[in-house]
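Structure first, commentary second.
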There are 2 protein chains.
Amino acid sequence: MSKEKDFYTQEDKMYVATDCVIFGFDEGNLKLLIFKRRVKPLVGAWSLIGSFVRIDEDVQDAAKRVLKEITGLEGVFMEELKSYGKTDRDPGYRCISIAQYALIRIGEYDKELVKRHGADWYDIDEVPELVLDHNQMVKDALDRIKRKARYKPIGFELLPEKFTIPQLQRLYEAVYRKELDSRNFRKKVLSLNVLIKLNEKDKTTSRRGAFLYKFDYKNYHKLLEEGFNFEI
Amino acid sequence: MSKEKDFYTQEDKMYVATDCVIFGFDEGNLKLLIFKRRVKPLVGAWSLIGSFVRIDEDVQDAAKRVLKEITGLEGVFMEELKSYGKTDRDPGYRCISIAQYALIRIGEYDKELVKRHGADWYDIDEVPELVLDHNQMVKDALDRIKRKARYKPIGFELLPEKFTIPQLQRLYEAVYRKELDSRNFRKKVLSLNVLIKLNEKDKTTSRRGAFLYKFDYKNYHKLLEEGFNFEI
DNA sequence: ACAAAAGTGTTCAGATTACACCCATGG
DNA sequence: CCATGGGTGTAATCTGAACACTTTTGT
């Protein structure tokens, strides 16, 4: 930055942070990754995972950086939620935060790293009180994925690469918070033509076993361009 | 702020701006309000209307402030679009911008004020090159209202208080960029039960005249709570 | 043989689409 | 009297919702 002229010296500067609402899905429940603060202010309080944005760092990159620092993951689905810009949101100093939400495969993160950072998964119904406006961020992120699930096949980011249709249904049930009819669900989801049936079964949840599928990203992108509707 | 302790002094501060993508609708065309910069840097270039966020000002309030400064309008529909946070987006200095989009009634703004600020309306298809990433903001805002029109009756913010159904249809056609069948459009829009038919006609576009309607905000909010679908 | 989850089809109601003519009026 | 935009109905199709039984297999 130093090579550029600063035309704006009479204006106010402030801190810019980014906070990540990190969702996972496990055993039928939607989960949230939060951690216990070890630095001032608010030591010991539960918080979303976030960081200040550095002056030589894109906001998106800052979000990717913290996600990687805590979970070891890269290249996962992450999207901006909205900004939180009230003057009084942080008692420390004027700081605005650009919240993001991420969907990760709960089997794939680096458990050692997560533990070392004092982070832990909470069932979405049992999230404790978080610092600042972080509970509001979680609420807004939940509303967002509920809506988003209507037109993007959001679930596949949260499931392992190979998954069964009953698993996918349980995920949608967790997001929508209501039970779905398995016949209609299966019919709808298969009609989208974005699932590839494999010759393997998952036998962990039933004696009979359920066929595994994987997501057909190629077909999916083709359909997106045609303006497809993924409503379940 | 000064009464609070600043815990974060080792972190980077930056400028935070907000830019408004201001839409209007006139004679069948969606329009954009932009203005010609009179200050350094980039004097004379076309730009969205924006401002730095002051340290004692909410981001939303900053957006409202600039909208009022330029158009004289208050209380119009305005919503956050997204943040633009790349390090190199502003050559002046590190500055992130929270873009907003607003929908205003093109007959109601303060024309004197707009002229005095060097602002002008451009047809959405004829927007000139704008400074920084402002063309991208416009594109993103257009995509947003296209999607938003599917589940919120967005059009009413852009039309005068009293409007005709053909007017409303032309607005939707401008947003979707395709022609709609007038019988189906009328059927659908009336079935939503959010229009109040008035005993007046608008005769400016036909000899016969078209009945004027107004939007039934009360009924609309009731329907929203029930989770209504406004797809046209 | 039985418990427990996986898998499968049909019917009905409501919504969406396509489509063509008469109406009212000012000039 | 005619040109112009406003206003109306119906049939065909598609989509979403409701609903119950058979299959598989480990124990």
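Going through the structure tokens in order, the chains are called A, B, and so on, while each chain numbers its residues from 1 and the ligands are numbered from 1 in the order shown.
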
- Using DSSP on the backbone, list every residue of segment 74-203 of chain B that comes out as strand (DSSP E), and give them as a ChimeraX atom specification. /B:77-84,95-103,119-123,163-164,195-202

For the interface of chain C with chain A (cut-off 9 Å, counting only C-alpha atoms (C1' of nucleotides)), please tabulate each contacting residue of chain C alongside its nearest pair of atoms and their separation in Å to one decimal, rows sorted by chain and increasing number, as a Markdown table.
| residue | atom | partner | partner_atom | distance |
| --- | --- | --- | --- | --- |
| C:DA4 | C1' | A:Ser206 | CA | 6.9 |
| C:DA5 | C1' | A:Ser206 | CA | 5.3 |
| C:DA6 | C1' | A:Ala210 | CA | 6.2 |
| C:DG7 | C1' | A:Arg183 | CA | 8.5 |
| C:DT8 | C1' | A:Arg183 | CA | 7.6 |

- Could you name the residues that touch Lys197 of chain B at 8 Å or less, counting only C-alpha atoms (C1' of nucleotides), but leaving out those on the same chain fewer than 6 positions away, as number ranges by chain? B: 211-214

Using only N, CA and C atoms, please write the residues we just selected to a file, as a PDB file, in the first residue's frame.
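Written file, selection-v6.pdb:
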ATOM      1  N   PHE B 211     -57.195   1.062 -14.676  1.00  0.00           N
ATOM      2  CA  PHE B 211     -57.498   1.285 -13.267  1.00  0.00           C
ATOM      3  C   PHE B 211     -56.217   1.383 -12.443  1.00  0.00           C
ATOM      4  N   LEU B 212     -56.240   2.294 -11.491  1.00  0.00           N
ATOM      5  CA  LEU B 212     -55.117   2.435 -10.572  1.00  0.00           C
ATOM      6  C   LEU B 212     -55.315   1.505  -9.384  1.00  0.00           C
ATOM      7  N   TYR B 213     -54.208   1.033  -8.858  1.00  0.00           N
ATOM      8  CA  TYR B 213     -54.208   0.188  -7.670  1.00  0.00           C
ATOM      9  C   TYR B 213     -53.228   0.777  -6.679  1.00  0.00           C
ATOM     10  N   LYS B 214     -53.385   0.416  -5.420  1.00  0.00           N
ATOM     11  CA  LYS B 214     -52.281   0.663  -4.497  1.00  0.00           C
ATOM     12  C   LYS B 214     -51.946  -0.613  -3.755  1.00  0.00           C
TER      13      LYS B 214
END

Chain D residues near chain B within 7 Å, closest pair each, using only C-alpha atoms (C1' of nucleotides), as JSON lines:
{"residue": "D:DT4", "atom": "C1'", "partner": "B:Ser206", "partner_atom": "CA", "distance": 6.6}
{"residue": "D:DG5", "atom": "C1'", "partner": "B:Ser206", "partner_atom": "CA", "distance": 5.3}
{"residue": "D:DG6", "atom": "C1'", "partner": "B:Ala210", "partner_atom": "CA", "distance": 6.1}

Since we have the selection now, will you write its residues out, keeping C-alpha atoms (C1' of nucleotides), as a compact mmCIF listing (two decimals), in the first residue's frame?
# COMPACT_ATOMS: atom_id res chain seq x y z
C1' DT D 4 -54.57 1.84 -29.24
C1' DG D 5 -53.84 -0.21 -25.12
C1' DG D 6 -56.95 -2.47 -21.26

- Task: Name the residues of segment 23-230 of chain A that fall into alpha helix (DSSP H) according to DSSP on the backbone, using the chain letters and numbers of this document, as a PyMOL selection string.
- Result: chain A and resi 59-71+111-116+134-148+165-176+182-191+217-225

For Tyr172 of chain B, list every protein, DNA or RNA residue within 10 Å, evaluated using only C-alpha atoms (C1' of nucleotides), and leave out those in the same chain fewer than 3 positions away; present the list as a CSV table (one decimal) with all heavy atoms, in the first residue's frame.
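Below is the file that was written, out-v6.csv:
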chain,number,residue,atom,x,y,z
B,28,GLY,N,-41.0,2.2,-18.7
B,28,GLY,CA,-40.6,0.8,-19.1
B,28,GLY,C,-39.2,0.5,-18.9
B,28,GLY,O,-38.8,-0.6,-19.3
B,30,LEU,N,-35.6,0.2,-16.5
B,30,LEU,CA,-35.0,0.3,-15.2
B,30,LEU,C,-33.8,1.2,-15.3
B,30,LEU,O,-33.0,1.2,-16.3
B,30,LEU,CB,-34.5,-1.1,-14.9
B,30,LEU,CG,-34.3,-1.5,-13.4
B,30,LEU,CD1,-35.5,-1.3,-12.6
B,30,LEU,CD2,-34.0,-3.0,-13.4
B,146,LYS,N,-33.2,-9.5,-9.4
B,146,LYS,CA,-33.9,-10.5,-10.3
B,146,LYS,C,-34.3,-11.7,-9.4
B,146,LYS,O,-35.4,-12.2,-9.5
B,146,LYS,CB,-32.9,-11.0,-11.3
B,146,LYS,CG,-33.4,-10.7,-12.7
B,146,LYS,CD,-32.4,-11.2,-13.7
B,146,LYS,CE,-31.7,-10.1,-14.4
B,146,LYS,NZ,-30.9,-10.6,-15.6
B,149,ALA,N,-37.0,-10.6,-6.7
B,149,ALA,CA,-38.4,-10.4,-7.3
B,149,ALA,C,-39.2,-11.7,-7.2
B,149,ALA,O,-40.4,-11.7,-7.3
B,149,ALA,CB,-38.3,-9.9,-8.7
B,153,PRO,N,-42.4,-9.0,-3.3
B,153,PRO,CA,-43.0,-8.1,-4.3
B,153,PRO,C,-42.3,-6.8,-4.4
B,153,PRO,O,-42.7,-5.8,-4.0
B,153,PRO,CB,-44.4,-7.9,-3.7
B,153,PRO,CG,-44.3,-8.0,-2.3
B,153,PRO,CD,-43.1,-8.9,-2.0
B,154,ILE,N,-41.1,-6.9,-5.0
B,154,ILE,CA,-40.1,-5.9,-4.9
B,154,ILE,C,-40.6,-4.6,-5.7
B,154,ILE,O,-40.2,-3.5,-5.4
B,154,ILE,CB,-38.8,-6.4,-5.5
B,154,ILE,CG1,-37.6,-5.7,-4.9
B,154,ILE,CG2,-38.8,-6.4,-7.0
B,154,ILE,CD1,-36.3,-6.5,-5.1
B,155,GLY,N,-41.4,-4.9,-6.7
B,155,GLY,CA,-41.7,-3.8,-7.6
B,155,GLY,C,-42.4,-2.6,-7.0
B,155,GLY,O,-42.2,-1.5,-7.5
B,166,PRO,N,-50.8,-2.8,-15.9
B,166,PRO,CA,-49.8,-2.8,-17.1
B,166,PRO,C,-48.4,-2.2,-16.7
B,166,PRO,O,-47.4,-2.7,-17.1
B,166,PRO,CB,-50.5,-2.0,-18.1
B,166,PRO,CG,-51.9,-2.2,-17.8
B,166,PRO,CD,-52.1,-2.3,-16.4
B,167,GLN,N,-48.5,-1.2,-15.9
B,167,GLN,CA,-47.2,-0.6,-15.4
B,167,GLN,C,-46.4,-1.6,-14.6
B,167,GLN,O,-45.2,-1.7,-14.8
B,167,GLN,CB,-47.6,0.6,-14.4
B,167,GLN,CG,-47.3,2.0,-15.0
B,167,GLN,CD,-47.6,3.0,-13.9
B,167,GLN,OE1,-48.7,3.0,-13.3
B,167,GLN,NE2,-46.7,3.9,-13.7
B,168,LEU,N,-47.1,-2.3,-13.7
B,168,LEU,CA,-46.4,-3.3,-12.9
B,168,LEU,C,-45.8,-4.3,-13.7
B,168,LEU,O,-44.7,-4.8,-13.5
B,168,LEU,CB,-47.4,-3.8,-11.9
B,168,LEU,CG,-46.9,-4.8,-10.9
B,168,LEU,CD1,-45.8,-4.2,-9.9
B,168,LEU,CD2,-48.0,-5.4,-10.0
B,169,GLN,N,-46.6,-4.7,-14.8
B,169,GLN,CA,-46.1,-5.8,-15.7
B,169,GLN,C,-44.8,-5.3,-16.4
B,169,GLN,O,-43.9,-6.1,-16.5
B,169,GLN,CB,-47.2,-6.1,-16.7
B,169,GLN,CG,-46.7,-7.3,-17.6
B,169,GLN,CD,-47.8,-7.7,-18.6
B,169,GLN,OE1,-49.0,-7.5,-18.4
B,169,GLN,NE2,-47.4,-8.4,-19.6
B,175,VAL,N,-37.2,-6.1,-15.3
B,175,VAL,CA,-36.4,-6.8,-14.3
B,175,VAL,C,-36.0,-8.2,-14.9
B,175,VAL,O,-34.8,-8.6,-14.9
B,175,VAL,CB,-37.0,-6.9,-12.9
B,175,VAL,CG1,-36.2,-7.8,-12.0
B,175,VAL,CG2,-37.1,-5.5,-12.3
B,176,TYR,N,-37.0,-8.9,-15.3
B,176,TYR,CA,-36.7,-10.3,-15.9
B,176,TYR,C,-36.1,-10.3,-17.3
B,176,TYR,O,-35.7,-11.3,-17.8
B,176,TYR,CB,-38.0,-11.1,-15.9
B,176,TYR,CG,-38.5,-11.5,-14.5
B,176,TYR,CD1,-39.8,-11.6,-14.2
B,176,TYR,CD2,-37.6,-11.8,-13.5
B,176,TYR,CE1,-40.3,-12.1,-13.0
B,176,TYR,CE2,-38.0,-12.3,-12.2
B,176,TYR,CZ,-39.3,-12.4,-12.0
B,176,TYR,OH,-39.8,-12.8,-10.8
B,177,ARG,N,-36.3,-9.1,-17.9
B,177,ARG,CA,-35.9,-9.0,-19.3
B,177,ARG,C,-36.5,-10.1,-20.2
B,177,ARG,O,-35.9,-10.7,-21.1
B,177,ARG,CB,-34.3,-9.2,-19.4
B,177,ARG,CG,-33.6,-8.0,-18.8
B,177,ARG,CD,-32.2,-8.1,-18.7
B,177,ARG,NE,-31.6,-6.9,-18.3
B,177,ARG,CZ,-31.5,-5.8,-19.1
B,177,ARG,NH1,-31.8,-5.9,-20.4
B,177,ARG,NH2,-31.0,-4.7,-18.7
B,178,LYS,N,-37.8,-10.2,-20.0
B,178,LYS,CA,-38.6,-11.0,-20.9
B,178,LYS,C,-40.0,-10.6,-20.9
B,178,LYS,O,-40.5,-10.1,-19.9
B,178,LYS,CB,-38.4,-12.5,-20.7
B,178,LYS,CG,-39.2,-13.1,-19.5
B,178,LYS,CD,-39.1,-14.6,-19.6
B,178,LYS,CE,-39.9,-15.2,-18.5
B,178,LYS,NZ,-39.8,-16.6,-18.3
B,179,GLU,N,-40.7,-10.9,-22.0
B,179,GLU,CA,-42.1,-10.5,-22.0
B,179,GLU,C,-43.0,-11.5,-21.3
B,179,GLU,O,-42.7,-12.7,-21.3
B,179,GLU,CB,-42.6,-10.4,-23.5
B,179,GLU,CG,-41.9,-9.2,-24.2
B,179,GLU,CD,-42.6,-8.8,-25.5
B,179,GLU,OE1,-43.6,-9.5,-25.9
B,179,GLU,OE2,-42.2,-7.8,-26.1
B,180,LEU,N,-44.0,-10.9,-20.6
B,180,LEU,CA,-44.9,-11.8,-19.9
B,180,LEU,C,-46.3,-11.7,-20.5
B,180,LEU,O,-46.7,-10.7,-21.1
B,180,LEU,CB,-45.0,-11.3,-18.4
B,180,LEU,CG,-43.7,-11.3,-17.7
B,180,LEU,CD1,-43.8,-10.5,-16.3
B,180,LEU,CD2,-43.1,-12.7,-17.5
B,185,PHE,N,-50.2,-12.8,-16.0
B,185,PHE,CA,-49.7,-11.8,-15.1
B,185,PHE,C,-50.7,-11.3,-14.2
B,185,PHE,O,-50.6,-11.2,-13.0
B,185,PHE,CB,-48.9,-10.7,-15.8
B,185,PHE,CG,-48.3,-9.7,-14.9
B,185,PHE,CD1,-47.0,-10.0,-14.3
B,185,PHE,CD2,-48.9,-8.5,-14.5
B,185,PHE,CE1,-46.4,-9.1,-13.5
B,185,PHE,CE2,-48.3,-7.7,-13.7
B,185,PHE,CZ,-47.1,-8.0,-13.1
B,232,ILE,N,-43.5,-14.7,-9.9
B,232,ILE,CA,-44.3,-14.2,-11.1
B,232,ILE,C,-44.1,-15.1,-12.3
B,232,ILE,O,-43.0,-15.3,-12.6
B,232,ILE,CB,-44.0,-12.8,-11.4
B,232,ILE,CG1,-44.3,-11.9,-10.3
B,232,ILE,CG2,-44.8,-12.4,-12.7
B,232,ILE,CD1,-45.7,-11.6,-10.0

Wanna dump the chain B-chain A contacts at 10 Å for me, each residue with its shortest atom pair and the distance in Å to one decimal, counting only C-alpha atoms, ordered by chain and number, as JSON lines?
{"residue": "B:Met1", "atom": "CA", "partner": "A:Tyr93", "partner_atom": "CA", "distance": 6.6}
{"residue": "B:Ser2", "atom": "CA", "partner": "A:Tyr93", "partner_atom": "CA", "distance": 8.5}
{"residue": "B:Lys3", "atom": "CA", "partner": "A:Tyr93", "partner_atom": "CA", "distance": 9.7}
{"residue": "B:Glu4", "atom": "CA", "partner": "A:Gly92", "partner_atom": "CA", "distance": 6.4}
{"residue": "B:Lys5", "atom": "CA", "partner": "A:Gly92", "partner_atom": "CA", "distance": 5.7}
{"residue": "B:Asp6", "atom": "CA", "partner": "A:Gly92", "partner_atom": "CA", "distance": 5.1}
{"residue": "B:Phe7", "atom": "CA", "partner": "A:Gly92", "partner_atom": "CA", "distance": 5.6}
{"residue": "B:Tyr8", "atom": "CA", "partner": "A:Gly92", "partner_atom": "CA", "distance": 7.3}
{"residue": "B:Thr9", "atom": "CA", "partner": "A:Tyr93", "partner_atom": "CA", "distance": 9.4}
{"residue": "B:Glu11", "atom": "CA", "partner": "A:Phe52", "partner_atom": "CA", "distance": 7.1}
{"residue": "B:Asp12", "atom": "CA", "partner": "A:Arg54", "partner_atom": "CA", "distance": 5.7}
{"residue": "B:Lys13", "atom": "CA", "partner": "A:Tyr15", "partner_atom": "CA", "distance": 4.6}
{"residue": "B:Met14", "atom": "CA", "partner": "A:Lys13", "partner_atom": "CA", "distance": 4.8}
{"residue": "B:Tyr15", "atom": "CA", "partner": "A:Lys13", "partner_atom": "CA", "distance": 4.6}
{"residue": "B:Val16", "atom": "CA", "partner": "A:Lys13", "partner_atom": "CA", "distance": 7.0}
{"residue": "B:Ala17", "atom": "CA", "partner": "A:Lys13", "partner_atom": "CA", "distance": 10.0}
{"residue": "B:Val39", "atom": "CA", "partner": "A:Phe7", "partner_atom": "CA", "distance": 9.9}
{"residue": "B:Lys40", "atom": "CA", "partner": "A:Phe7", "partner_atom": "CA", "distance": 7.2}
{"residue": "B:Pro41", "atom": "CA", "partner": "A:Phe7", "partner_atom": "CA", "distance": 7.0}
{"residue": "B:Ser51", "atom": "CA", "partner": "A:Glu11", "partner_atom": "CA", "distance": 9.9}
{"residue": "B:Phe52", "atom": "CA", "partner": "A:Glu11", "partner_atom": "CA", "distance": 7.1}
{"residue": "B:Val53", "atom": "CA", "partner": "A:Asp12", "partner_atom": "CA", "distance": 7.4}
{"residue": "B:Arg54", "atom": "CA", "partner": "A:Asp12", "partner_atom": "CA", "distance": 5.7}
{"residue": "B:Ile55", "atom": "CA", "partner": "A:Asp12", "partner_atom": "CA", "distance": 5.8}
{"residue": "B:Asp56", "atom": "CA", "partner": "A:Thr87", "partner_atom": "CA", "distance": 6.0}
{"residue": "B:Glu57", "atom": "CA", "partner": "A:Thr87", "partner_atom": "CA", "distance": 5.9}
{"residue": "B:Asp58", "atom": "CA", "partner": "A:Lys86", "partner_atom": "CA", "distance": 4.4}
{"residue": "B:Val59", "atom": "CA", "partner": "A:Gly85", "partner_atom": "CA", "distance": 5.1}
{"residue": "B:Gln60", "atom": "CA", "partner": "A:Gly85", "partner_atom": "CA", "distance": 7.4}
{"residue": "B:Asp61", "atom": "CA", "partner": "A:Lys86", "partner_atom": "CA", "distance": 8.9}
{"residue": "B:Glu80", "atom": "CA", "partner": "A:Lys82", "partner_atom": "CA", "distance": 7.4}
{"residue": "B:Leu81", "atom": "CA", "partner": "A:Lys82", "partner_atom": "CA", "distance": 8.1}
{"residue": "B:Lys82", "atom": "CA", "partner": "A:Lys82", "partner_atom": "CA", "distance": 6.4}
{"residue": "B:Ser83", "atom": "CA", "partner": "A:Ser83", "partner_atom": "CA", "distance": 7.3}
{"residue": "B:Tyr84", "atom": "CA", "partner": "A:Val59", "partner_atom": "CA", "distance": 8.1}
{"residue": "B:Gly85", "atom": "CA", "partner": "A:Val59", "partner_atom": "CA", "distance": 5.1}
{"residue": "B:Lys86", "atom": "CA", "partner": "A:Asp58", "partner_atom": "CA", "distance": 4.4}
{"residue": "B:Thr87", "atom": "CA", "partner": "A:Asp58", "partner_atom": "CA", "distance": 5.1}
{"residue": "B:Asp88", "atom": "CA", "partner": "A:Asp58", "partner_atom": "CA", "distance": 8.4}
{"residue": "B:Arg89", "atom": "CA", "partner": "A:Asp58", "partner_atom": "CA", "distance": 9.5}
{"residue": "B:Asp90", "atom": "CA", "partner": "A:Glu4", "partner_atom": "CA", "distance": 9.9}
{"residue": "B:Pro91", "atom": "CA", "partner": "A:Glu4", "partner_atom": "CA", "distance": 6.6}
{"residue": "B:Gly92", "atom": "CA", "partner": "A:Asp6", "partner_atom": "CA", "distance": 5.1}
{"residue": "B:Tyr93", "atom": "CA", "partner": "A:Asp6", "partner_atom": "CA", "distance": 5.2}
{"residue": "B:Arg94", "atom": "CA", "partner": "A:Ile55", "partner_atom": "CA", "distance": 6.6}
{"residue": "B:Cys95", "atom": "CA", "partner": "A:Lys13", "partner_atom": "CA", "distance": 9.0}
{"residue": "B:Ile96", "atom": "CA", "partner": "A:Val59", "partner_atom": "CA", "distance": 8.5}
{"residue": "B:Ile98", "atom": "CA", "partner": "A:Ser83", "partner_atom": "CA", "distance": 7.5}

- Task: State, in Å with one decimal place, the distance from atom CA of His117 of chain A to atom CA of Lys36 of chain A.
- Result: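 Atom-to-atom, atom CA of His117 of chain A and atom CA of Lys36 of chain A are spaced 8.1 Å apart.
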
Nearby residues (only C-alpha atoms (C1' of nucleotides)) at most 10 Å from Gly24 of chain B, same-chain spacing under 4 positions excluded, as an mmCIF file with N, CA and C atoms, in the first residue's frame:
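Saved the output as selection-v3.cif:
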data_model
loop_
_atom_site.group_PDB
_atom_site.id
_atom_site.type_symbol
_atom_site.label_atom_id
_atom_site.label_comp_id
_atom_site.auth_asym_id
_atom_site.auth_seq_id
_atom_site.Cartn_x
_atom_site.Cartn_y
_atom_site.Cartn_z
ATOM 1 N N ASN B 29 -38.374 1.379 -18.422
ATOM 2 C CA ASN B 29 -36.947 1.074 -18.283
ATOM 3 C C ASN B 29 -36.466 1.177 -16.837
ATOM 4 N N LEU B 30 -35.624 0.233 -16.498
ATOM 5 C CA LEU B 30 -34.978 0.262 -15.202
ATOM 6 C C LEU B 30 -33.795 1.218 -15.312
ATOM 7 N N LYS B 31 -33.676 2.125 -14.345
ATOM 8 C CA LYS B 31 -32.633 3.154 -14.426
ATOM 9 C C LYS B 31 -31.758 3.162 -13.183
ATOM 10 N N LEU B 32 -30.597 3.734 -13.361
ATOM 11 C CA LEU B 32 -29.593 3.759 -12.313
ATOM 12 C C LEU B 32 -29.163 5.204 -12.089
ATOM 13 N N LEU B 33 -29.059 5.597 -10.819
ATOM 14 C CA LEU B 33 -28.625 6.957 -10.506
ATOM 15 C C LEU B 33 -27.124 6.953 -10.203
ATOM 16 N N ALA B 102 -30.747 0.361 -3.448
ATOM 17 C CA ALA B 102 -31.967 1.059 -3.033
ATOM 18 C C ALA B 102 -32.922 1.107 -4.214
ATOM 19 N N LEU B 103 -34.202 1.046 -3.908
ATOM 20 C CA LEU B 103 -35.232 1.155 -4.937
ATOM 21 C C LEU B 103 -36.028 2.416 -4.637
ATOM 22 N N ILE B 104 -36.045 3.351 -5.576
ATOM 23 C CA ILE B 104 -36.771 4.582 -5.287
ATOM 24 C C ILE B 104 -37.786 4.905 -6.375
ATOM 25 N N ARG B 105 -38.749 5.705 -5.976
ATOM 26 C CA ARG B 105 -39.779 6.138 -6.925
ATOM 27 C C ARG B 105 -39.227 7.314 -7.693
ATOM 28 N N ILE B 106 -39.140 7.123 -8.971
ATOM 29 C CA ILE B 106 -38.403 8.071 -9.786
ATOM 30 C C ILE B 106 -39.118 9.419 -9.880
ATOM 31 N N GLY B 107 -40.383 9.460 -9.496
ATOM 32 C CA GLY B 107 -41.087 10.736 -9.503
ATOM 33 C C GLY B 107 -40.932 11.529 -8.224
ATOM 34 N N TRP B 121 -29.665 10.026 -14.142
ATOM 35 C CA TRP B 121 -30.203 8.681 -14.347
ATOM 36 C C TRP B 121 -29.710 8.107 -15.663
ATOM 37 N N TYR B 122 -29.334 6.845 -15.636
ATOM 38 C CA TYR B 122 -28.953 6.144 -16.858
ATOM 39 C C TYR B 122 -29.778 4.887 -16.999
ATOM 40 N N ASP B 123 -30.210 4.648 -18.223
ATOM 41 C CA ASP B 123 -30.868 3.386 -18.503
ATOM 42 C C ASP B 123 -29.901 2.245 -18.155
ATOM 43 N N ILE B 124 -30.444 1.202 -17.603
ATOM 44 C CA ILE B 124 -29.595 0.131 -17.083
ATOM 45 C C ILE B 124 -28.744 -0.521 -18.176
ATOM 46 N N GLU B 157 -41.832 -0.757 -4.569
ATOM 47 C CA GLU B 157 -40.956 0.309 -4.091
ATOM 48 C C GLU B 157 -40.566 1.246 -5.230
ATOM 49 N N LEU B 158 -40.659 0.726 -6.437
ATOM 50 C CA LEU B 158 -40.167 1.471 -7.597
ATOM 51 C C LEU B 158 -41.267 2.229 -8.325
ATOM 52 N N LEU B 159 -42.510 1.869 -8.043
ATOM 53 C CA LEU B 159 -43.630 2.505 -8.733
ATOM 54 C C LEU B 159 -44.206 3.616 -7.866
#

Which residues, written as a PDB file with N, CA and C atoms, in the first residue's frame, have at least one atom at most 7 Å from segment 134-145 of chain A, with only C-alpha atoms (C1' of nucleotides) counted and residues fewer than 5 positions away on the same chain left out?
ATOM      1  N   VAL A  21     -19.212 -18.431  10.421  1.00  0.00           N
ATOM      2  CA  VAL A  21     -20.216 -19.344  10.975  1.00  0.00           C
ATOM      3  C   VAL A  21     -19.978 -20.672  10.273  1.00  0.00           C
ATOM      4  N   SER A  47     -17.186 -17.909  21.232  1.00  0.00           N
ATOM      5  CA  SER A  47     -17.127 -16.958  20.127  1.00  0.00           C
ATOM      6  C   SER A  47     -17.087 -17.706  18.799  1.00  0.00           C
ATOM      7  N   LEU A  48     -17.544 -17.076  17.763  1.00  0.00           N
ATOM      8  CA  LEU A  48     -17.271 -17.591  16.422  1.00  0.00           C
ATOM      9  C   LEU A  48     -15.782 -17.449  16.155  1.00  0.00           C
ATOM     10  N   LEU A  81     -21.931 -13.682   4.346  1.00  0.00           N
ATOM     11  CA  LEU A  81     -23.284 -13.617   4.900  1.00  0.00           C
ATOM     12  C   LEU A  81     -23.768 -12.177   4.806  1.00  0.00           C
ATOM     13  N   TYR A 101     -20.236 -17.617   6.072  1.00  0.00           N
ATOM     14  CA  TYR A 101     -20.634 -18.936   6.559  1.00  0.00           C
ATOM     15  C   TYR A 101     -19.971 -19.981   5.694  1.00  0.00           C
ATOM     16  N   GLU A 129     -24.347 -18.911  24.768  1.00  0.00           N
ATOM     17  CA  GLU A 129     -24.276 -17.489  24.474  1.00  0.00           C
ATOM     18  C   GLU A 129     -22.894 -17.150  23.923  1.00  0.00           C
TER      19      GLU A 129
END
